[in-house]
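*Asks:* My questions will all concern the structure given below.
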Amino acid sequence: MIDRAVAYYRVSTARQGASGLGLEAQRAAVEALCESRGWELVAPPFQEVESGKRGDRPELLKALERAKLTGARLVIAKLDRLSRDAAFLLMLQNSGARFVAADMPDANDLTVGIMALVAQQERQAISRRTKEALAAAKARGQRLGNPNGAAAFRRAAQGNCAALEAVRAGAADRAESLRGTVQSLQGQGITSLGGIAAALNSQGIVTARGGLWHASSVRNLLSRLQGAQQ
């Protein structure tokens, strides 16, 4: 079985994105690694012009989704400075997709998880130092607080509820990501459960558990998609 890979490239400025500066080096590193390991790039590379300080990376999300759908590993060119990019680390750790960097090919999921723990520890240390500073300021008689504090707590509670709902909706999101593919197959006249399963398998798209599609799993998928429309 041929191992699959999905490439993700990122540059920090629009000028770099337009000129290709930095992209060629990333592409060369990723393609060289894939060739040496015998990995097949199963999709066009996902390319993002984004500041490293931001966590909202739509192309990264698309790359991770494609990697999960095809059972591929996500490949990037460089792992440098990721230890300071907690959002990227946590996104990789929680995505469920396999991950490798061309400049540090042994820095796998375990390494990313360790780096995320270090970043989390640092955030906790910052929080502790902040609380200690506030306590010291209160002891000095400095007035603390925010008139909008109660509203902030309410927003935080709403955010936690939203996070729980997002977890519950994970299976529905997985099905929704396949809606376009299924509709395309049906538009081509492939409507039987077995036919759709065979088509999905031929495209390298795996089930949520990373296995092959069967008529029963397609039936569950169609049922979930139909339920989402009601």
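By order of appearance in the structure tokens: chains A, B, ..., then residues from 1 within every chain, and ligands from 1 in the order shown.
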Please provide as a list in words all residues within 9 Å of Glu59 of chain A, with the sequence filter that same-chain residues fewer than 3 positions apart are discarded (counting only C-alpha atoms).

*Replies:*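 Contacts, in chain order: Tyr8, Phe46, Gln47, Glu48, Lys62, Ala63 and Leu64 of chain A.
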
*Asks:* Generate a file of the selected residues that holds C-alpha atoms, formatted as an mmCIF file, in the first residue's frame.

*Replies:*
data_model
loop_
_atom_site.group_PDB
_atom_site.id
_atom_site.type_symbol
_atom_site.label_atom_id
_atom_site.label_comp_id
_atom_site.auth_asym_id
_atom_site.auth_seq_id
_atom_site.Cartn_x
_atom_site.Cartn_y
_atom_site.Cartn_z
ATOM 1 C CA TYR A 8 1.050 22.537 3.533
ATOM 2 C CA PHE A 46 -2.340 23.852 0.462
ATOM 3 C CA GLN A 47 -0.716 27.285 0.571
ATOM 4 C CA GLU A 48 -1.344 30.051 3.091
ATOM 5 C CA LYS A 62 -8.409 22.274 4.725
ATOM 6 C CA ALA A 63 -5.073 20.441 4.578
ATOM 7 C CA LEU A 64 -5.771 18.640 7.848
#

*Asks:* Check the smallest atom-to-atom distance from each of A:Gly227, A:Pro105, A:Gly204, A:Gly210 to Thr70 of chain A using only C-alpha atoms, then report the winner.

*Replies:*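 Ranking A:Gly227, A:Pro105, A:Gly204, A:Gly210 by distance to Thr70 of chain A, first place goes to A:Gly204.
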
*Asks:* Which residue is closest to Gly194 of chain A? Choose from A:Ala208, A:Leu178, A:Ala215, A:Ala25 and count only C-alpha atoms.

*Replies:*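 Among the listed residues, the smallest separation from Gly194 of chain A belongs to A:Ala215.
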
*Asks:* Please list as number ranges by chain every residue within 8 Å of Leu193 of chain A, counting only C-alpha atoms and excluding residues in the same chain fewer than 3 positions away.

*Replies:* A: 196-197, 214-216, 218-219

*Asks:* Write a file of the just-selected residues containing all heavy atoms, as a short mmCIF file (atom, residue, chain, number, x, y, z; two decimals), in the first residue's frame.

*Replies:*
data_model
loop_
_atom_site.label_atom_id
_atom_site.label_comp_id
_atom_site.auth_asym_id
_atom_site.auth_seq_id
_atom_site.Cartn_x
_atom_site.Cartn_y
_atom_site.Cartn_z
N ILE A 196 -21.23 3.71 -4.30
CA ILE A 196 -20.64 4.87 -3.62
C ILE A 196 -19.45 4.43 -2.78
O ILE A 196 -18.40 5.10 -2.75
CB ILE A 196 -21.70 5.56 -2.74
CG1 ILE A 196 -22.79 6.18 -3.62
CG2 ILE A 196 -21.05 6.64 -1.86
CD1 ILE A 196 -23.94 6.79 -2.84
N ALA A 197 -19.58 3.29 -2.11
CA ALA A 197 -18.46 2.78 -1.30
C ALA A 197 -17.24 2.53 -2.17
O ALA A 197 -16.12 2.91 -1.82
CB ALA A 197 -18.89 1.51 -0.57
N HIS A 214 -17.92 0.45 3.15
CA HIS A 214 -18.80 -0.66 2.80
C HIS A 214 -20.22 -0.12 2.66
O HIS A 214 -20.49 1.03 3.01
CB HIS A 214 -18.73 -1.76 3.85
CG HIS A 214 -17.36 -2.32 4.06
ND1 HIS A 214 -16.77 -3.20 3.19
CD2 HIS A 214 -16.44 -2.08 5.03
CE1 HIS A 214 -15.56 -3.52 3.61
NE2 HIS A 214 -15.33 -2.84 4.72
N ALA A 215 -21.10 -0.94 2.18
CA ALA A 215 -22.49 -0.49 1.99
C ALA A 215 -23.09 0.01 3.31
O ALA A 215 -23.79 1.01 3.34
CB ALA A 215 -23.33 -1.64 1.43
N SER A 216 -22.77 -0.67 4.41
CA SER A 216 -23.33 -0.27 5.70
C SER A 216 -22.82 1.09 6.15
O SER A 216 -23.57 1.91 6.68
CB SER A 216 -23.01 -1.33 6.76
OG SER A 216 -21.60 -1.50 6.88
N VAL A 218 -21.72 3.48 4.19
CA VAL A 218 -22.31 4.48 3.31
C VAL A 218 -23.75 4.76 3.72
O VAL A 218 -24.20 5.91 3.70
CB VAL A 218 -22.24 4.03 1.83
CG1 VAL A 218 -23.02 4.98 0.93
CG2 VAL A 218 -20.79 3.96 1.37
N ARG A 219 -24.48 3.71 4.11
CA ARG A 219 -25.86 3.90 4.57
C ARG A 219 -25.90 4.84 5.78
O ARG A 219 -26.74 5.75 5.86
CB ARG A 219 -26.48 2.56 4.95
CG ARG A 219 -27.95 2.68 5.39
CD ARG A 219 -28.52 1.36 5.87
NE ARG A 219 -28.54 0.36 4.81
CZ ARG A 219 -27.73 -0.69 4.76
NH1 ARG A 219 -26.83 -0.89 5.72
NH2 ARG A 219 -27.81 -1.55 3.78
#
